[in-house]
file my_file.json (JSON, C-alpha atoms)
[["chain", "number", "residue", "atom", "x", "y", "z"],
["A", 16, "MET", "CA", 168.59, -152.49, 394.67],
["A", 17, "ASP", "CA", 166.27, -154.64, 392.54],
["A", 18, "ARG", "CA", 163.26, -155.97, 394.38],
["A", 19, "PRO", "CA", 163.15, -159.80, 394.72],
["A", 20, "ILE", "CA", 160.68, -161.69, 392.56],
["A", 21, "ILE", "CA", 158.01, -163.31, 394.72],
["A", 22, "GLY", "CA", 158.50, -167.07, 394.94],
["A", 23, "LEU", "CA", 161.95, -167.06, 393.30],
["A", 24, "ASP", "CA", 165.30, -167.06, 395.05],
["A", 25, "ASP", "CA", 169.02, -167.56, 394.51],
["A", 26, "ALA", "CA", 170.96, -170.61, 395.63],
["A", 27, "PHE", "CA", 174.64, -170.45, 396.50],
["A", 28, "GLY", "CA", 177.23, -171.87, 398.86],
["A", 29, "VAL", "CA", 176.19, -174.91, 400.87],
["A", 30, "ARG", "CA", 172.67, -175.01, 399.44],
["A", 31, "ALA", "CA", 173.87, -175.05, 395.83],
["A", 32, "LYS", "CA", 176.52, -177.66, 396.62],
["A", 33, "SER", "CA", 173.97, -179.81, 398.47],
["A", 34, "LEU", "CA", 171.56, -179.74, 395.54],
["A", 35, "ARG", "CA", 174.24, -180.78, 393.06],
["A", 36, "GLY", "CA", 175.33, -183.59, 395.40],
["A", 37, "LEU", "CA", 171.78, -184.91, 395.78],
["A", 38, "GLN", "CA", 171.12, -184.56, 392.07],
["A", 39, "GLY", "CA", 174.28, -186.51, 391.31],
["A", 40, "ARG", "CA", 173.32, -189.37, 393.64],
["A", 41, "LEU", "CA", 169.87, -189.73, 392.10],
["A", 42, "LEU", "CA", 171.11, -189.51, 388.51],
["A", 43, "ALA", "CA", 173.68, -192.21, 389.32],
["A", 44, "LEU", "CA", 170.87, -194.44, 390.60],
["A", 45, "PHE", "CA", 168.85, -193.79, 387.46],
["A", 46, "ASP", "CA", 171.85, -194.61, 385.26],
["A", 47, "GLU", "CA", 172.52, -197.82, 387.18],
["A", 48, "ALA", "CA", 168.88, -198.83, 386.60],
["A", 49, "GLY", "CA", 169.25, -198.28, 382.85],
["A", 50, "PHE", "CA", 167.52, -194.90, 382.50],
["A", 51, "ASP", "CA", 169.03, -192.50, 379.96],
["A", 52, "GLU", "CA", 169.09, -188.80, 380.83],
["A", 53, "VAL", "CA", 167.31, -186.27, 378.63],
["A", 54, "ILE", "CA", 167.81, -182.50, 378.98],
["A", 55, "PRO", "CA", 164.93, -180.60, 377.34],
["A", 56, "PRO", "CA", 165.03, -176.82, 376.87],
["A", 57, "ILE", "CA", 163.36, -174.70, 379.53],
["A", 58, "LEU", "CA", 161.15, -173.12, 376.82],
["A", 59, "GLU", "CA", 158.57, -174.87, 374.65],
["A", 60, "ARG", "CA", 155.67, -174.06, 372.40],
["A", 61, "PRO", "CA", 152.61, -173.53, 374.64],
["A", 62, "ASP", "CA", 150.67, -176.25, 372.79],
["A", 63, "THR", "CA", 153.34, -178.81, 373.68],
["A", 64, "LEU", "CA", 153.25, -177.97, 377.38],
["A", 65, "LYS", "CA", 149.45, -177.92, 377.44],
["A", 66, "SER", "CA", 148.92, -181.27, 375.70],
["A", 67, "GLY", "CA", 148.31, -184.49, 377.58],
["A", 68, "ALA", "CA", 149.63, -184.10, 381.14],
["A", 69, "GLY", "CA", 150.27, -180.41, 380.63],
["A", 70, "ARG", "CA", 146.62, -179.39, 380.30],
["A", 71, "PHE", "CA", 146.25, -179.93, 384.04],
["A", 72, "LEU", "CA", 148.93, -177.28, 384.63],
["A", 73, "ALA", "CA", 147.79, -174.77, 382.01],
["A", 74, "ASP", "CA", 147.05, -172.10, 384.62],
["A", 75, "GLN", "CA", 150.55, -172.54, 386.07],
["A", 76, "THR", "CA", 152.36, -172.04, 382.76],
["A", 77, "VAL", "CA", 153.94, -168.66, 381.99],
["A", 78, "VAL", "CA", 153.47, -167.72, 378.31],
["A", 79, "PHE", "CA", 155.19, -164.80, 376.56],
["A", 80, "SER", "CA", 155.90, -163.45, 373.08],
["A", 81, "ASP", "CA", 159.40, -164.24, 371.83],
["A", 82, "PRO", "CA", 161.27, -161.02, 370.91],
["A", 83, "ALA", "CA", 163.30, -163.02, 368.37],
["A", 84, "GLY", "CA", 160.17, -163.70, 366.35],
["A", 85, "ALA", "CA", 159.43, -167.33, 367.21],
["A", 86, "GLY", "CA", 155.89, -166.47, 368.30],
["A", 87, "LEU", "CA", 154.46, -167.48, 371.64],
["A", 88, "LEU", "CA", 156.74, -169.44, 373.97],
["A", 89, "ALA", "CA", 156.15, -170.94, 377.42],
["A", 90, "ILE", "CA", 158.34, -171.65, 380.44],
["A", 91, "ARG", "CA", 157.86, -175.25, 381.48],
["A", 92, "SER", "CA", 155.94, -175.85, 384.71],
["A", 93, "ASP", "CA", 156.36, -179.63, 384.43],
["A", 94, "MET", "CA", 158.79, -181.81, 382.49],
["A", 95, "THR", "CA", 156.57, -184.81, 381.73],
["A", 96, "PRO", "CA", 155.00, -183.18, 378.63],
["A", 97, "GLN", "CA", 158.50, -182.52, 377.29],
["A", 98, "ILE", "CA", 159.52, -186.15, 377.84],
["A", 99, "ALA", "CA", 156.34, -187.18, 376.03],
["A", 100, "ARG", "CA", 157.21, -184.91, 373.09],
["A", 101, "ILE", "CA", 160.72, -186.37, 372.85],
["A", 102, "ALA", "CA", 159.40, -189.94, 373.03],
["A", 103, "ALA", "CA", 156.80, -189.22, 370.33],
["A", 104, "THR", "CA", 159.17, -187.48, 367.93],
["A", 105, "ARG", "CA", 162.91, -187.85, 368.47],
["A", 106, "LEU", "CA", 162.82, -191.43, 369.81],
["A", 107, "GLN", "CA", 160.14, -193.02, 367.64],
["A", 108, "SER", "CA", 162.43, -195.87, 366.60],
["A", 109, "LYS", "CA", 162.52, -197.34, 370.12],
["A", 110, "ASP", "CA", 159.59, -199.40, 371.41],
["A", 111, "ILE", "CA", 160.71, -199.25, 375.05],
["A", 112, "LEU", "CA", 162.11, -196.08, 376.61],
["A", 113, "LYS", "CA", 163.64, -195.61, 380.05],
["A", 114, "LEU", "CA", 164.25, -191.89, 380.46],
["A", 115, "CYS", "CA", 165.28, -189.69, 383.39],
["A", 116, "TYR", "CA", 165.58, -185.94, 383.87],
["A", 117, "SER", "CA", 166.54, -183.29, 386.41],
["A", 118, "GLY", "CA", 166.05, -179.57, 385.94],
["A", 119, "THR", "CA", 164.30, -176.36, 386.86],
["A", 120, "VAL", "CA", 160.59, -175.78, 386.33],
["A", 121, "MET", "CA", 158.71, -172.59, 387.18],
["A", 122, "LEU", "CA", 155.12, -172.12, 388.28],
["A", 123, "ALA", "CA", 153.09, -169.04, 387.45],
["A", 124, "ARG", "CA", 152.14, -168.75, 391.12],
["A", 125, "PRO", "CA", 153.12, -170.52, 394.37],
["A", 126, "VAL", "CA", 151.08, -173.60, 395.29],
["A", 127, "SER", "CA", 150.78, -172.28, 398.84],
["A", 128, "ARG", "CA", 150.90, -168.76, 400.28],
["A", 129, "ARG", "CA", 154.54, -169.02, 401.33],
["A", 130, "GLY", "CA", 155.56, -171.57, 398.74],
["A", 131, "SER", "CA", 158.14, -171.32, 396.00],
["A", 132, "ARG", "CA", 157.47, -170.86, 392.30],
["A", 133, "GLN", "CA", 160.66, -172.69, 391.37],
["A", 134, "GLN", "CA", 161.16, -176.43, 391.63],
["A", 135, "TRP", "CA", 164.05, -178.69, 390.70],
["A", 136, "GLN", "CA", 162.02, -181.50, 389.20],
["A", 137, "THR", "CA", 163.76, -184.85, 389.05],
["A", 138, "GLY", "CA", 162.32, -188.18, 388.01],
["A", 139, "VAL", "CA", 161.96, -191.02, 385.56],
["A", 140, "GLU", "CA", 159.54, -192.09, 382.84],
["A", 141, "TYR", "CA", 159.28, -195.74, 381.78],
["A", 142, "LEU", "CA", 157.46, -195.97, 378.45],
["A", 143, "GLY", "CA", 156.42, -198.93, 376.33],
["A", 144, "VAL", "CA", 155.92, -201.45, 379.16],
["A", 145, "SER", "CA", 152.45, -202.05, 380.58],
["A", 146, "GLY", "CA", 151.29, -203.61, 383.83],
["A", 147, "ALA", "CA", 153.13, -204.69, 386.94],
["A", 148, "GLU", "CA", 156.57, -205.02, 385.34],
["A", 149, "GLY", "CA", 156.96, -201.29, 384.76],
["A", 150, "ASP", "CA", 155.13, -200.25, 387.93],
["A", 151, "THR", "CA", 157.31, -202.47, 390.10],
["A", 152, "GLU", "CA", 160.58, -201.16, 388.68],
["A", 153, "VAL", "CA", 159.53, -197.51, 389.01],
["A", 154, "MET", "CA", 158.28, -197.95, 392.58],
["A", 155, "ARG", "CA", 161.47, -199.75, 393.64],
["A", 156, "LEU", "CA", 163.54, -196.94, 392.16],
["A", 157, "ALA", "CA", 161.43, -194.32, 393.95],
["A", 158, "ALA", "CA", 162.01, -196.12, 397.24],
["A", 159, "THR", "CA", 165.75, -196.38, 396.57],
["A", 160, "CYS", "CA", 165.90, -192.62, 395.94],
["A", 161, "MET", "CA", 164.30, -191.81, 399.30],
["A", 162, "LEU", "CA", 166.82, -194.06, 401.04],
["A", 163, "ALA", "CA", 169.74, -192.50, 399.15],
["A", 164, "ALA", "CA", 168.59, -189.02, 400.18],
["A", 165, "GLY", "CA", 168.73, -190.01, 403.85],
["A", 166, "PHE", "CA", 165.03, -190.02, 404.72],
["A", 167, "GLU", "CA", 164.13, -192.06, 407.78],
["A", 168, "GLN", "CA", 161.46, -194.78, 407.72],
["A", 169, "PRO", "CA", 160.36, -194.15, 404.12],
["A", 170, "VAL", "CA", 156.90, -195.32, 403.09],
["A", 171, "LEU", "CA", 155.22, -195.83, 399.73],
["A", 172, "GLN", "CA", 151.45, -195.43, 399.79],
["A", 173, "VAL", "CA", 149.83, -197.01, 396.76],
["A", 174, "GLY", "CA", 146.36, -196.51, 395.30],
["A", 175, "HIS", "CA", 144.51, -196.94, 392.01],
["A", 176, "ILE", "CA", 142.44, -194.28, 390.27],
["A", 177, "GLY", "CA", 140.24, -197.07, 388.88],
["A", 178, "LEU", "CA", 138.68, -197.55, 392.31],
["A", 179, "LEU", "CA", 137.29, -194.03, 392.37],
["A", 180, "LYS", "CA", 136.22, -194.15, 388.71],
["A", 181, "ALA", "CA", 134.23, -197.33, 389.36],
["A", 182, "LEU", "CA", 132.47, -195.81, 392.38],
["A", 183, "VAL", "CA", 131.36, -192.56, 390.71],
["A", 184, "GLU", "CA", 130.97, -193.55, 387.05],
["A", 185, "GLU", "CA", 127.21, -192.84, 387.09],
["A", 186, "SER", "CA", 127.52, -189.58, 389.04],
["A", 187, "SER", "CA", 126.87, -186.18, 387.46],
["A", 188, "VAL", "CA", 129.70, -184.69, 389.54],
["A", 189, "SER", "CA", 133.05, -184.46, 387.73],
["A", 190, "LEU", "CA", 135.82, -186.93, 388.46],
["A", 191, "GLU", "CA", 138.11, -183.98, 389.32],
["A", 192, "THR", "CA", 135.70, -182.91, 392.07],
["A", 193, "TRP", "CA", 135.59, -186.42, 393.51],
["A", 194, "ARG", "CA", 139.40, -186.60, 393.36],
["A", 195, "GLU", "CA", 139.72, -183.37, 395.32],
["A", 196, "LEU", "CA", 137.17, -184.50, 397.93],
["A", 197, "ILE", "CA", 138.85, -187.85, 398.56],
["A", 198, "ALA", "CA", 142.31, -186.24, 398.64],
["A", 199, "ARG", "CA", 141.16, -183.94, 401.46],
["A", 200, "ARG", "CA", 140.39, -187.02, 403.58],
["A", 201, "SER", "CA", 137.46, -185.19, 405.16],
["A", 202, "PRO", "CA", 134.28, -187.29, 405.53],
["A", 203, "ASP", "CA", 132.32, -184.13, 406.40],
["A", 204, "ASP", "CA", 133.27, -182.41, 403.13],
["A", 205, "LEU", "CA", 132.47, -185.57, 401.21],
["A", 206, "SER", "CA", 129.08, -186.05, 402.89],
["A", 207, "ALA", "CA", 127.86, -182.67, 401.67],
["A", 208, "THR", "CA", 128.37, -183.78, 398.05],
["A", 209, "ILE", "CA", 127.24, -187.39, 398.42],
["A", 210, "THR", "CA", 123.78, -186.44, 399.67],
["A", 211, "SER", "CA", 123.02, -184.51, 396.49],
["A", 212, "VAL", "CA", 124.04, -187.06, 393.84],
["A", 213, "ASN", "CA", 122.60, -190.30, 392.52],
["A", 214, "ILE", "CA", 124.94, -192.92, 394.00],
["A", 215, "SER", "CA", 123.99, -196.23, 395.59],
["A", 216, "GLU", "CA", 124.13, -196.53, 399.36],
["A", 217, "THR", "CA", 126.93, -199.09, 399.10],
["A", 218, "ASN", "CA", 129.05, -196.79, 396.98],
["A", 219, "ARG", "CA", 128.39, -193.87, 399.32],
["A", 220, "GLN", "CA", 129.64, -195.83, 402.30],
["A", 221, "VAL", "CA", 132.74, -197.01, 400.42],
["A", 222, "LEU", "CA", 133.58, -193.42, 399.47],
["A", 223, "LEU", "CA", 133.14, -192.29, 403.08],
["A", 224, "ASP", "CA", 135.40, -195.15, 404.24],
["A", 225, "MET", "CA", 138.08, -194.01, 401.81],
["A", 226, "ALA", "CA", 137.88, -190.41, 403.02],
["A", 227, "SER", "CA", 138.03, -191.65, 406.62],
["A", 228, "GLY", "CA", 141.33, -193.45, 406.05],
["A", 229, "LEU", "CA", 139.95, -197.00, 406.19],
["A", 230, "GLY", "CA", 141.11, -198.06, 402.71],
["A", 231, "ASP", "CA", 144.01, -200.36, 403.62],
["A", 232, "LEU", "CA", 144.86, -203.71, 402.04],
["A", 233, "ALA", "CA", 142.39, -205.75, 404.10],
["A", 234, "TRP", "CA", 139.60, -203.22, 403.46],
["A", 235, "ILE", "CA", 140.24, -203.25, 399.70],
["A", 236, "GLU", "CA", 140.13, -207.05, 399.60],
["A", 237, "ALA", "CA", 136.87, -207.03, 401.57],
["A", 238, "GLN", "CA", 135.18, -204.71, 399.04],
["A", 239, "GLN", "CA", 135.74, -207.02, 396.09],
["A", 240, "GLY", "CA", 132.48, -208.40, 394.76],
["A", 241, "ARG", "CA", 130.42, -205.56, 396.27],
["A", 242, "ILE", "CA", 130.72, -202.78, 393.64],
["A", 243, "ASN", "CA", 131.27, -203.82, 390.01],
["A", 244, "ASP", "CA", 133.76, -205.58, 387.74],
["A", 245, "THR", "CA", 135.71, -202.37, 387.13],
["A", 246, "PHE", "CA", 136.28, -201.89, 390.86],
["A", 247, "ASP", "CA", 137.30, -205.54, 391.27],
["A", 248, "ALA", "CA", 139.85, -205.36, 388.45],
["A", 249, "ALA", "CA", 141.47, -202.23, 389.90],
["A", 250, "ALA", "CA", 141.43, -203.70, 393.41],
["A", 251, "GLN", "CA", 143.07, -206.94, 392.28],
["A", 252, "GLU", "CA", 145.78, -205.07, 390.39],
["A", 253, "LEU", "CA", 146.48, -202.88, 393.43],
["A", 254, "VAL", "CA", 146.53, -205.74, 395.95],
["A", 255, "SER", "CA", 148.83, -207.85, 393.77],
["A", 256, "LEU", "CA", 151.29, -205.01, 393.17],
["A", 257, "VAL", "CA", 151.47, -203.94, 396.83],
["A", 258, "LYS", "CA", 152.24, -207.50, 397.91],
["A", 259, "GLN", "CA", 154.85, -207.93, 395.18],
["A", 260, "VAL", "CA", 156.69, -204.66, 395.79],
["A", 261, "GLY", "CA", 156.31, -204.98, 399.56],
["A", 262, "SER", "CA", 158.03, -208.36, 399.57],
["A", 263, "GLN", "CA", 160.90, -207.02, 397.46],
["A", 264, "LEU", "CA", 161.46, -204.00, 399.73],
["A", 265, "GLU", "CA", 160.84, -205.72, 403.06],
["A", 266, "GLY", "CA", 163.13, -204.35, 405.76],
["A", 267, "GLU", "CA", 163.97, -201.22, 403.77],
["A", 268, "VAL", "CA", 160.79, -199.37, 402.81],
["A", 269, "GLN", "CA", 157.22, -199.95, 403.97],
["A", 270, "VAL", "CA", 154.66, -200.38, 401.20],
["A", 271, "HIS", "CA", 150.99, -199.82, 402.06],
["A", 272, "ALA", "CA", 147.81, -199.95, 400.01],
["A", 273, "ASP", "CA", 145.61, -196.90, 400.52],
["A", 274, "ALA", "CA", 142.46, -196.49, 398.44],
["A", 275, "ALA", "CA", 142.46, -192.74, 399.14],
["A", 276, "VAL", "CA", 145.81, -192.06, 397.45],
["A", 277, "MET", "CA", 144.83, -189.80, 394.58],
["A", 278, "PRO", "CA", 146.88, -188.60, 391.59],
["A", 279, "ARG", "CA", 147.84, -184.93, 391.45],
["A", 280, "PHE", "CA", 146.53, -184.80, 387.87],
["A", 281, "LEU", "CA", 143.85, -186.88, 386.18],
["A", 282, "TYR", "CA", 146.01, -188.05, 383.30],
["A", 283, "HIS", "CA", 146.83, -191.05, 385.49],
["A", 284, "SER", "CA", 144.99, -194.17, 384.35],
["A", 285, "GLY", "CA", 145.85, -196.85, 386.90],
["A", 286, "ILE", "CA", 148.27, -197.37, 389.79],
["A", 287, "VAL", "CA", 149.24, -194.17, 391.64],
["A", 288, "PHE", "CA", 151.63, -193.77, 394.56],
["A", 289, "ALA", "CA", 153.18, -191.22, 396.88],
["A", 290, "GLY", "CA", 156.33, -191.36, 399.02],
["A", 291, "PHE", "CA", 156.50, -190.26, 402.65],
["A", 292, "ALA", "CA", 159.04, -190.40, 405.48],
["A", 293, "ALA", "CA", 159.14, -190.01, 409.26],
["A", 294, "GLY", "CA", 158.73, -186.42, 410.40],
["A", 295, "VAL", "CA", 157.70, -185.13, 406.95],
["A", 296, "PRO", "CA", 154.03, -184.03, 406.76],
["A", 297, "GLN", "CA", 153.86, -183.70, 402.97],
["A", 298, "ALA", "CA", 154.49, -186.19, 400.18],
["A", 299, "LEU", "CA", 158.10, -186.35, 399.00],
["A", 300, "LEU", "CA", 157.34, -187.77, 395.56],
["A", 301, "HIS", "CA", 154.42, -188.67, 393.33],
["A", 302, "GLY", "CA", 154.09, -191.26, 390.62],
["A", 303, "GLY", "CA", 151.87, -193.64, 388.75],
["A", 304, "ARG", "CA", 150.72, -195.05, 385.45],
["A", 305, "TYR", "CA", 149.42, -192.83, 382.63],
["A", 306, "ASP", "CA", 148.81, -195.18, 379.70],
["A", 307, "THR", "CA", 146.38, -192.89, 377.86],
["A", 308, "MET", "CA", 148.36, -189.63, 378.04],
["A", 309, "MET", "CA", 150.96, -190.32, 375.34],
["A", 310, "ALA", "CA", 148.32, -190.46, 372.60],
["A", 311, "ALA", "CA", 147.83, -186.70, 373.00],
["A", 312, "HIS", "CA", 151.43, -186.27, 371.84],
["A", 313, "GLY", "CA", 150.98, -188.46, 368.77],
["A", 314, "ARG", "CA", 152.28, -191.79, 370.04],
["A", 315, "ASP", "CA", 150.01, -194.22, 371.85],
["A", 316, "MET", "CA", 152.10, -196.23, 374.32],
["A", 317, "PRO", "CA", 151.87, -197.27, 377.99],
["A", 318, "ALA", "CA", 153.85, -195.21, 380.48],
["A", 319, "THR", "CA", 154.61, -194.91, 384.18],
["A", 320, "GLY", "CA", 156.98, -192.81, 386.25],
["A", 321, "PHE", "CA", 157.56, -190.62, 389.29],
["A", 322, "SER", "CA", 159.05, -187.23, 390.13],
["A", 323, "CYS", "CA", 160.13, -185.14, 393.10],
["A", 324, "ASP", "CA", 161.32, -181.60, 393.84],
["A", 325, "LEU", "CA", 164.95, -181.58, 395.01],
["A", 326, "TRP", "CA", 164.57, -178.14, 396.63],
["A", 327, "ALA", "CA", 161.78, -179.52, 398.82],
["A", 328, "TRP", "CA", 163.89, -182.57, 399.66],
["A", 329, "LEU", "CA", 166.80, -180.39, 400.77],
["A", 330, "ASP", "CA", 164.50, -178.28, 402.96],
["A", 331, "VAL", "CA", 163.54, -181.46, 404.82],
["A", 332, "VAL", "CA", 166.95, -183.13, 404.96],
["A", 333, "GLN", "CA", 168.74, -179.96, 406.16],
["A", 334, "SER", "CA", 166.09, -178.84, 408.66]]
call {"tool": "encode", "arguments": {"input": "my_file.json", "output": "structure tokens"}}
result
Amino acid sequence: MDRPIIGLDDAFGVRAKSLRGLQGRLLALFDEAGFDEVIPPILERPDTLKSGAGRFLADQTVVFSDPAGAGLLAIRSDMTPQIARIAATRLQSKDILKLCYSGTVMLARPVSRRGSRQQWQTGVEYLGVSGAEGDTEVMRLAATCMLAAGFEQPVLQVGHIGLLKALVEESSVSLETWRELIARRSPDDLSATITSVNISETNRQVLLDMASGLGDLAWIEAQQGRINDTFDAAAQELVSLVKQVGSQLEGEVQVHADAAVMPRFLYHSGIVFAGFAAGVPQALLHGGRYDTMMAAHGRDMPATGFSCDLWAWLDVVQS
């Protein structure tokens, strides 16, 4: 008998049927919202998958030599770079694009010790629209998807990467390191780094507040005027969006501002958000704005979106 491949598994029977049912419900929601489905191939040129968003997943991308003579090929570990390629090449004639997708991606190694290497990534990308208009539509759709999947007491936590950038712009420590420290939500871990860098006392305390979980809406409003203009602009954008989306989803999904919500990858340029639900310790979806990423694929245009892993959703819903 062949040995199983670590992190990969078969799906059949109830599990396969459940995935197709959930996928169908979400794709129907995307279609109703005006998003057109795209189905990229599972293989790409490595340079395509490692451009823009993909460079943050380079170490998770499996690359191999094509026996048919096409040179090096790569198995996608994320679908956003493929959507960016399609938008920059095949769909150049359209100024505004609302695209959705659902398919398998594979990681070179599990994210956690007992995690899976296969994900069924499903999401949307809204390109060509900047600011609150696009963010609001994408966040509302993300909330609707959590409700359609049957999650109880869904919550959207919303942050802005501009807050962190404004606080550490004069630091010699990389933005990626700061992102990881804030995402851990451990003031002790953060303190060890803060003491060794040239950051004002005010900025140090604000960073510690964020890591301590104090960065709610009232806290963000109270910090305006204390840091710099960049911080104030990000804070105002975040506060305005949370109030707008929160009022639209009132009674269905809770929407909270949280200055410590960090993007998974640093291609995000503005608003970022994560979806949670009662009884689920990990985030169910991730999203946000990435206005600067498309330029790496040859077409400079604003963009926002979100994605989730349907296998992970089924593990929660069926547990």
call {"tool": "residues_around", "arguments": {"input": "my_file.json", "residues": "Ala158 in chain A", "least_positions_apart": "2", "cutoff": "9 Å", "atoms": "only C-alpha atoms", "output": "MDAnalysis selection string"}}
result
chainID A and resid 153:156 160:163 169:171 264 267:268 290
call {"tool": "closest_residue", "arguments": {"input": "my_file.json", "among": "A:Met94, A:Met121, A:Leu281, A:Met309", "to": "Val77 in chain A", "atoms": "only C-alpha atoms"}}
result
A:Met121
call {"tool": "atom_distance", "arguments": {"input": "my_file.json", "atom1": "CA of Ile286 in chain A", "atom2": "CA of Leu329 in chain A"}}
result
27.4 Å
call {"tool": "atom_distance", "arguments": {"input": "my_file.json", "atom1": "CA of Met316 in chain A", "atom2": "CA of Leu142 in chain A"}}
result
6.8 Å
call {"tool": "residues_near_point", "arguments": {"input": "my_file.json", "point": "(159.0, -189.8, 373.5)", "cutoff": "12 Å", "atoms": "only C-alpha atoms", "output": "ChimeraX atom specification"}}
result
/A:53,55,95-115,140-143,308-318
call {"tool": "decode", "arguments": {"input": "my_file.json", "residues": "range 144-189 of chain A", "atoms": "C-alpha atoms", "output": "PDB file, in the first residue's frame"}}
result
ATOM      1  CA  VAL A 144     -12.324  50.956  -7.017  1.00  0.00           C
ATOM      2  CA  SER A 145     -10.481  52.786  -4.255  1.00  0.00           C
ATOM      3  CA  GLY A 146     -11.528  53.816  -0.768  1.00  0.00           C
ATOM      4  CA  ALA A 147     -14.561  53.005   1.326  1.00  0.00           C
ATOM      5  CA  GLU A 148     -16.847  52.005  -1.559  1.00  0.00           C
ATOM      6  CA  GLY A 149     -14.882  48.864  -2.382  1.00  0.00           C
ATOM      7  CA  ASP A 150     -13.964  48.071   1.226  1.00  0.00           C
ATOM      8  CA  THR A 151     -17.574  48.285   2.360  1.00  0.00           C
ATOM      9  CA  GLU A 152     -18.875  45.952  -0.342  1.00  0.00           C
ATOM     10  CA  VAL A 153     -16.162  43.355   0.265  1.00  0.00           C
ATOM     11  CA  MET A 154     -16.631  43.401   4.045  1.00  0.00           C
ATOM     12  CA  ARG A 155     -20.410  43.062   3.730  1.00  0.00           C
ATOM     13  CA  LEU A 156     -19.947  40.092   1.418  1.00  0.00           C
ATOM     14  CA  ALA A 157     -17.472  38.480   3.836  1.00  0.00           C
ATOM     15  CA  ALA A 158     -20.005  38.842   6.644  1.00  0.00           C
ATOM     16  CA  THR A 159     -22.782  37.393   4.480  1.00  0.00           C
ATOM     17  CA  CYS A 160     -20.608  34.360   3.706  1.00  0.00           C
ATOM     18  CA  MET A 161     -20.048  33.599   7.396  1.00  0.00           C
ATOM     19  CA  LEU A 162     -23.788  33.782   8.007  1.00  0.00           C
ATOM     20  CA  ALA A 163     -24.531  31.540   5.012  1.00  0.00           C
ATOM     21  CA  ALA A 164     -22.064  28.941   6.306  1.00  0.00           C
ATOM     22  CA  GLY A 165     -23.934  28.745   9.608  1.00  0.00           C
ATOM     23  CA  PHE A 166     -21.397  30.346  11.948  1.00  0.00           C
ATOM     24  CA  GLU A 167     -22.858  31.695  15.176  1.00  0.00           C
ATOM     25  CA  GLN A 168     -22.306  35.280  16.331  1.00  0.00           C
ATOM     26  CA  PRO A 169     -19.929  36.235  13.503  1.00  0.00           C
ATOM     27  CA  VAL A 170     -17.593  39.170  14.059  1.00  0.00           C
ATOM     28  CA  LEU A 171     -15.479  41.289  11.732  1.00  0.00           C
ATOM     29  CA  GLN A 172     -12.398  42.798  13.362  1.00  0.00           C
ATOM     30  CA  VAL A 173     -11.029  45.690  11.338  1.00  0.00           C
ATOM     31  CA  GLY A 174      -7.625  47.354  11.450  1.00  0.00           C
ATOM     32  CA  HIS A 175      -5.364  49.480   9.260  1.00  0.00           C
ATOM     33  CA  ILE A 176      -1.727  48.729   8.455  1.00  0.00           C
ATOM     34  CA  GLY A 177      -1.134  52.498   8.209  1.00  0.00           C
ATOM     35  CA  LEU A 178      -1.346  52.774  11.990  1.00  0.00           C
ATOM     36  CA  LEU A 179       1.646  50.505  12.503  1.00  0.00           C
ATOM     37  CA  LYS A 180       3.607  52.084   9.633  1.00  0.00           C
ATOM     38  CA  ALA A 181       3.151  55.534  11.166  1.00  0.00           C
ATOM     39  CA  LEU A 182       4.339  54.356  14.590  1.00  0.00           C
ATOM     40  CA  VAL A 183       7.542  52.633  13.431  1.00  0.00           C
ATOM     41  CA  GLU A 184       8.500  54.599  10.302  1.00  0.00           C
ATOM     42  CA  GLU A 185      11.750  55.843  11.892  1.00  0.00           C
ATOM     43  CA  SER A 186      12.678  52.474  13.412  1.00  0.00           C
ATOM     44  CA  SER A 187      15.582  50.371  12.130  1.00  0.00           C
ATOM     45  CA  VAL A 188      13.554  47.203  12.784  1.00  0.00           C
ATOM     46  CA  SER A 189      11.726  45.834   9.730  1.00  0.00           C
TER      47      SER A 189
END
